[in-house]
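Printed here is start12.pdb (PDB, C-alpha atoms):
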ATOM      1  CA  MET A   1       7.750 -13.691  -1.778
ATOM      2  CA  LYS A   2       4.571 -13.094   0.131
ATOM      3  CA  LEU A   3       3.734 -11.426   3.438
ATOM      4  CA  ASP A   4       1.612 -13.316   5.920
ATOM      5  CA  ALA A   5      -1.033 -11.627   8.091
ATOM      6  CA  GLN A   6       1.544 -10.856  10.793
ATOM      7  CA  GLY A   7       3.952  -9.156   8.378
ATOM      8  CA  TRP A   8       6.532 -11.949   7.944
ATOM      9  CA  LEU A   9       7.882 -12.540   4.450
ATOM     10  CA  SER A  10       7.897 -16.066   3.065
ATOM     11  CA  GLY A  11      11.096 -17.542   1.686
ATOM     12  CA  VAL A  12      13.456 -15.704   4.024
ATOM     13  CA  ARG A  13      15.007 -16.726   7.328
ATOM     14  CA  ARG A  14      13.290 -15.336  10.427
ATOM     15  CA  VAL A  15      15.281 -14.259  13.471
ATOM     16  CA  PRO A  16      12.714 -12.437  15.636
ATOM     17  CA  SER A  17      14.042  -9.362  17.426
ATOM     18  CA  PRO A  18      12.461  -7.997  20.597
ATOM     19  CA  ASN A  19      13.487  -4.498  19.488
ATOM     20  CA  HIS A  20      10.254  -3.301  17.950
ATOM     21  CA  ASP A  21       6.868  -1.964  18.912
ATOM     22  CA  ALA A  22       3.568  -0.944  17.347
ATOM     23  CA  ARG A  23       3.398   1.629  14.590
ATOM     24  CA  PRO A  24       1.101   4.587  15.224
ATOM     25  CA  PRO A  25      -2.454   3.723  14.148
ATOM     26  CA  TYR A  26      -3.372   4.403  10.517
ATOM     27  CA  THR A  27       0.225   5.181   9.516
ATOM     28  CA  PRO A  28       1.003   3.872   6.029
ATOM     29  CA  ILE A  29       4.484   2.594   5.175
ATOM     30  CA  GLU A  30       5.765   5.172   2.703
ATOM     31  CA  LEU A  31       9.544   4.988   3.050
ATOM     32  CA  LEU A  32      12.312   2.414   2.638
ATOM     33  CA  VAL A  33      15.538   3.181   4.471
ATOM     34  CA  ILE A  34      18.731   1.509   3.269
ATOM     35  CA  HIS A  35      21.424   0.981   5.893
ATOM     36  CA  SER A  36      24.714  -0.861   6.101
ATOM     37  CA  ILE A  37      26.177  -2.733   9.039
ATOM     38  CA  SER A  38      29.032  -5.052   9.858
ATOM     39  CA  LEU A  39      30.065  -6.357  13.258
ATOM     40  CA  PRO A  40      32.849  -6.056  14.091
ATOM     41  CA  PRO A  41      33.241  -3.136  11.689
ATOM     42  CA  ASN A  42      34.359  -4.198   8.209
ATOM     43  CA  GLU A  43      34.113  -7.922   9.033
ATOM     44  CA  TYR A  44      31.521 -10.088   7.322
ATOM     45  CA  GLY A  45      30.028 -13.533   7.534
ATOM     46  CA  GLY A  46      29.514 -14.076  11.242
ATOM     47  CA  ASP A  47      26.362 -13.921  13.306
ATOM     48  CA  ALA A  48      27.231 -10.817  15.360
ATOM     49  CA  VAL A  49      24.597  -8.650  13.639
ATOM     50  CA  GLU A  50      21.926 -11.243  14.400
ATOM     51  CA  ARG A  51      23.046 -11.432  18.024
ATOM     52  CA  PHE A  52      23.130  -7.611  18.231
ATOM     53  CA  PHE A  53      19.587  -7.246  16.875
ATOM     54  CA  THR A  54      18.339  -9.909  19.321
ATOM     55  CA  ASN A  55      20.158  -8.498  22.384
ATOM     56  CA  VAL A  56      22.408 -11.532  22.931
ATOM     57  CA  LEU A  57      25.726 -10.130  21.670
ATOM     58  CA  ASP A  58      28.591 -10.910  24.063
ATOM     59  CA  HIS A  59      30.174  -7.505  24.591
ATOM     60  CA  MET A  60      33.383  -9.109  25.847
ATOM     61  CA  GLU A  61      33.932 -10.901  22.525
ATOM     62  CA  HIS A  62      35.427  -7.921  20.679
ATOM     63  CA  PRO A  63      36.637  -4.483  21.851
ATOM     64  CA  TYR A  64      34.198  -2.676  19.528
ATOM     65  CA  PHE A  65      31.223  -4.481  21.051
ATOM     66  CA  GLU A  66      31.760  -2.649  24.348
ATOM     67  CA  GLN A  67      30.855   0.605  22.540
ATOM     68  CA  ILE A  68      27.415  -0.719  21.602
ATOM     69  CA  LYS A  69      26.634  -2.382  24.930
ATOM     70  CA  GLY A  70      23.049  -1.686  25.959
ATOM     71  CA  VAL A  71      22.007  -0.370  22.535
ATOM     72  CA  ARG A  72      18.653  -1.767  21.455
ATOM     73  CA  VAL A  73      18.172  -1.629  17.687
ATOM     74  CA  SER A  74      16.741  -3.737  14.905
ATOM     75  CA  SER A  75      15.853  -3.598  11.271
ATOM     76  CA  HIS A  76      13.130  -5.315   9.346
ATOM     77  CA  PHE A  77      15.611  -7.021   7.001
ATOM     78  CA  LEU A  78      19.301  -7.803   6.625
ATOM     79  CA  VAL A  79      20.732  -8.697   3.215
ATOM     80  CA  ARG A  80      23.915 -10.733   3.687
ATOM     81  CA  ARG A  81      26.889 -10.503   1.293
ATOM     82  CA  ASP A  82      25.812 -13.793  -0.321
ATOM     83  CA  GLY A  83      22.310 -12.420  -0.983
ATOM     84  CA  ARG A  84      20.520 -14.288   1.791
ATOM     85  CA  ILE A  85      17.771 -12.240   3.427
ATOM     86  CA  ILE A  86      17.008 -12.393   7.134
ATOM     87  CA  GLN A  87      13.895 -10.783   8.630
ATOM     88  CA  PHE A  88      14.002  -9.559  12.231
ATOM     89  CA  VAL A  89      10.770  -7.597  12.598
ATOM     90  CA  PRO A  90       7.382  -8.058  10.884
ATOM     91  CA  CYS A  91       6.670  -5.311   8.368
ATOM     92  CA  ASN A  92       3.541  -4.224  10.210
ATOM     93  CA  LYS A  93       5.611  -3.436  13.329
ATOM     94  CA  ARG A  94       7.956  -0.503  13.949
ATOM     95  CA  ALA A  95      11.588  -1.647  13.925
ATOM     96  CA  TRP A  96      14.122   0.529  15.731
ATOM     97  CA  HIS A  97      16.472   1.313  12.839
ATOM     98  CA  ALA A  98      16.282   5.031  12.067
ATOM     99  CA  GLY A  99      16.693   6.719  15.439
ATOM    100  CA  VAL A 100      16.306  10.486  15.495
ATOM    101  CA  SER A 101      15.361  11.129  11.893
ATOM    102  CA  ASN A 102      13.515  13.351   9.453
ATOM    103  CA  TRP A 103      12.324  12.901   5.877
ATOM    104  CA  SER A 104      10.362  15.496   3.918
ATOM    105  CA  GLY A 105       9.543  17.372   7.105
ATOM    106  CA  ARG A 106       8.320  14.284   8.959
ATOM    107  CA  GLN A 107      10.067  13.271  12.172
ATOM    108  CA  ARG A 108      10.385   9.727  13.576
ATOM    109  CA  CYS A 109      10.939   7.839  10.321
ATOM    110  CA  ASN A 110      10.582   4.493  12.119
ATOM    111  CA  ASP A 111       6.857   5.224  12.295
ATOM    112  CA  PHE A 112       6.357   5.098   8.510
ATOM    113  CA  SER A 113       9.321   3.148   7.136
ATOM    114  CA  ILE A 114      10.816  -0.266   6.601
ATOM    115  CA  GLY A 115      14.522  -0.624   7.336
ATOM    116  CA  ILE A 116      16.781  -2.772   5.157
ATOM    117  CA  GLU A 117      20.334  -3.384   6.350
ATOM    118  CA  LEU A 118      23.011  -4.464   3.899
ATOM    119  CA  GLU A 119      25.964  -6.365   5.318
ATOM    120  CA  GLY A 120      28.720  -3.933   4.444
ATOM    121  CA  SER A 121      30.459  -0.689   5.246
ATOM    122  CA  ASP A 122      31.358   2.729   3.870
ATOM    123  CA  PHE A 123      34.676   1.381   2.598
ATOM    124  CA  GLU A 124      33.889  -1.143  -0.140
ATOM    125  CA  PRO A 125      31.268  -2.014  -2.742
ATOM    126  CA  PHE A 126      28.339  -4.268  -2.011
ATOM    127  CA  SER A 127      28.137  -7.656  -3.722
ATOM    128  CA  GLU A 128      26.260  -8.579  -6.897
ATOM    129  CA  ARG A 129      24.156 -11.039  -4.905
ATOM    130  CA  GLN A 130      23.208  -8.304  -2.450
ATOM    131  CA  TYR A 131      22.000  -6.022  -5.208
ATOM    132  CA  ALA A 132      19.983  -8.850  -6.769
ATOM    133  CA  ALA A 133      18.340  -9.668  -3.415
ATOM    134  CA  LEU A 134      17.807  -6.002  -2.532
ATOM    135  CA  ILE A 135      16.186  -5.284  -5.888
ATOM    136  CA  ARG A 136      13.883  -8.302  -5.570
ATOM    137  CA  LEU A 137      12.933  -7.313  -1.994
ATOM    138  CA  THR A 138      12.451  -3.653  -2.877
ATOM    139  CA  ARG A 139      10.219  -4.455  -5.855
ATOM    140  CA  TYR A 140       8.042  -6.673  -3.681
ATOM    141  CA  LEU A 141       7.760  -4.098  -0.898
ATOM    142  CA  LYS A 142       6.866  -1.348  -3.374
ATOM    143  CA  ARG A 143       4.057  -3.521  -4.786
ATOM    144  CA  THR A 144       2.796  -4.259  -1.268
ATOM    145  CA  PHE A 145       2.994  -0.859   0.438
ATOM    146  CA  PRO A 146       2.414   2.748  -0.720
ATOM    147  CA  ILE A 147       6.161   3.486  -0.703
ATOM    148  CA  ARG A 148       6.988   6.927  -2.056
ATOM    149  CA  ASP A 149      10.730   7.137  -1.443
ATOM    150  CA  ILE A 150      13.819   5.000  -0.970
ATOM    151  CA  VAL A 151      16.579   6.729   0.970
ATOM    152  CA  GLY A 152      19.758   6.041   2.873
ATOM    153  CA  HIS A 153      20.169   6.315   6.612
ATOM    154  CA  SER A 154      22.457   9.251   5.804
ATOM    155  CA  ASP A 155      19.528  11.032   4.134
ATOM    156  CA  ILE A 156      17.261  10.903   7.185
ATOM    157  CA  ALA A 157      19.967  11.472   9.828
ATOM    158  CA  PRO A 158      22.719  13.366   7.966
ATOM    159  CA  ASP A 159      24.399  14.807  11.050
ATOM    160  CA  ARG A 160      25.088  11.413  12.587
ATOM    161  CA  LYS A 161      24.955   8.677   9.907
ATOM    162  CA  THR A 162      26.854   7.941   6.681
ATOM    163  CA  ASP A 163      25.370   4.613   5.608
ATOM    164  CA  PRO A 164      24.861   2.988   3.221
ATOM    165  CA  GLY A 165      27.974   4.911   2.196
ATOM    166  CA  PRO A 166      29.686   6.147  -0.960
ATOM    167  CA  PHE A 167      29.954   2.704  -2.575
ATOM    168  CA  PHE A 168      26.205   2.098  -2.643
ATOM    169  CA  ASP A 169      24.999   2.237  -6.261
ATOM    170  CA  TRP A 170      21.787   4.276  -6.074
ATOM    171  CA  GLU A 171      21.549   4.516  -9.853
ATOM    172  CA  ARG A 172      21.545   0.727 -10.135
ATOM    173  CA  LEU A 173      18.733   0.424  -7.610
ATOM    174  CA  HIS A 174      16.613   3.130  -9.251
ATOM    175  CA  LYS A 175      17.173   1.868 -12.818
ATOM    176  CA  SER A 176      15.963  -1.561 -11.720
ATOM    177  CA  ARG A 177      12.710   0.098 -10.646
ATOM    178  CA  GLY A 178      13.545  -1.050  -7.160
TER     179      GLY A 178
END
Written as structure tokens, that's how I'd like the structure from this file.
Amino acid sequence: MKLDAQGWLSGVRRVPSPNHDARPPYTPIELLVIHSISLPPNEYGGDAVERFFTNVLDHMEHPYFEQIKGVRVSSHFLVRRDGRIIQFVPCNKRAWHAGVSNWSGRQRCNDFSIGIELEGSDFEPFSERQYAALIRLTRYLKRTFPIRDIVGHSDIAPDRKTDPGPFFDWERLHKSRG
């Protein structure tokens, strides 16, 4: 793995999302935020998340999709159930993954974080391949940026988010030095 000058990681699939903008000047990346997502909820393997993050999701395709019509979000990375990593936003840009958020007294976590989505939900464990890919990605990002903390979306927006959920193995991630 290696980042190019624009913030794209080598060795992963790129699906550029328009849902990003510039980080505030001189703002170091100090936080990794772990999320989980599946579209439709609790269904895996399709391309709905990719289409959602790139604003081309057909909202007529599934009843749930009508609820997220017009929402513009993205994440830097998605780790699929089979361990494949997709990058949507360059690391040097601000992805729109955290929303209204706060960590250690700092608002607007998108400004100083990288978002990593795991294909999953609050209702079942993540796969072995996902943990292997997440650990590899996390180690690389920690060597590349001055990351101080790794948290869940539920940690930075506890009143409105629950992901990555109760099945995420934080101990496994931390023991791996990820």
To one decimal in Å, tell me the separation between CA of Glu30 (chain A) and CA of Phe52 (chain A).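 A separation of 26.6 Å between them.
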Atom pair CA of Asn110 (chain A) / CA of Ile29 (chain A): separation (Å):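 CA of Asn110 (chain A) sits 9.4 Å away from CA of Ile29 (chain A).
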Separation of CA of Gln130 (chain A) from CA of Val56 (chain A), in Å and rounded to one decimal: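 Taking CA of Gln130 (chain A) and CA of Val56 (chain A), their separation equals 25.6 Å.
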I'd like the neighbourhood of Thr138 (chain A) as number ranges by chain, where a residue qualifies if any of its atoms comes within 9 Å (using all atoms listed in the file), though same-chain residues fewer than 3 positions away should be ignored. A: 32, 133-135, 141-143, 150, 173, 177-178
Chain and number of each residue from the PyMOL selection byres ((chain A and resi 70-81) around 8), as number ranges by chain: A: 17, 19-20, 44-45, 52-55, 68-69, 82-91, 95-97, 114-120, 126-127, 129-130, 133-134
Would you list the residues near (26.8, 0.5, 6.2), meaning any protein, DNA or RNA residue with an atom at most 10 Å from that point in file coordinates, counting only C-alpha atoms, as a list in words?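 These residues have at least one counted atom within 10 Å: Ile34, His35, Ser36, Ile37, Ser38, Pro41, Asn42, Glu117, Leu118, Glu119, Gly120, Ser121, Asp122, Phe123, Glu124, Phe126, Gly152, His153, Ser154, Lys161, Thr162, Asp163, Pro164, Gly165, Pro166, Phe167 and Phe168 of chain A.
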Kindly list the centre and edge lengths in Å, rounded to one decimal, for the axis-aligned box that covers all listed atoms of region 55-66 of chain A plus 6 Å on each of its six sides, as lines of an AutoDock Vina configuration file.
center_x = 28.4
center_y = -7.1
center_z = 22.7
size_x = 28.5
size_y = 20.9
size_z = 18.3
Of the residues A:Glu50, A:Pro40, A:Ser101, A:Leu31, which is the one nearest to Arg13 (chain A), using only C-alpha atoms?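 Of the candidates, the smallest distance to Arg13 (chain A) is held by A:Glu50.
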Pick from A:Ile156, A:Val151, A:Arg139, A:His62 nearest to Ser176 (chain A), counting all atoms listed in the file: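 Looking only at the distances to Ser176 (chain A), the closest residue turns out to be A:Arg139.
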Which residues, written as an NGL selection string, have at least one atom at most 8 Å from Asn102 (chain A), with only C-alpha atoms counted and residues fewer than 5 positions away on the same chain left out? :A and (107-109 or 156-157)
Select, from A:Asp21, A:Glu43, A:Asp111, A:Asp159, the residue with the minimum atom-to-atom distance to Ala98 (chain A), counting all atoms listed in the file. A:Asp111
Residue nearest Arg148 (chain A) - candidates A:Met1, A:Arg172, A:Gly11, A:Ser104, atoms counted: only C-alpha atoms: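 Of all the options, A:Ser104 lies closest to Arg148 (chain A).
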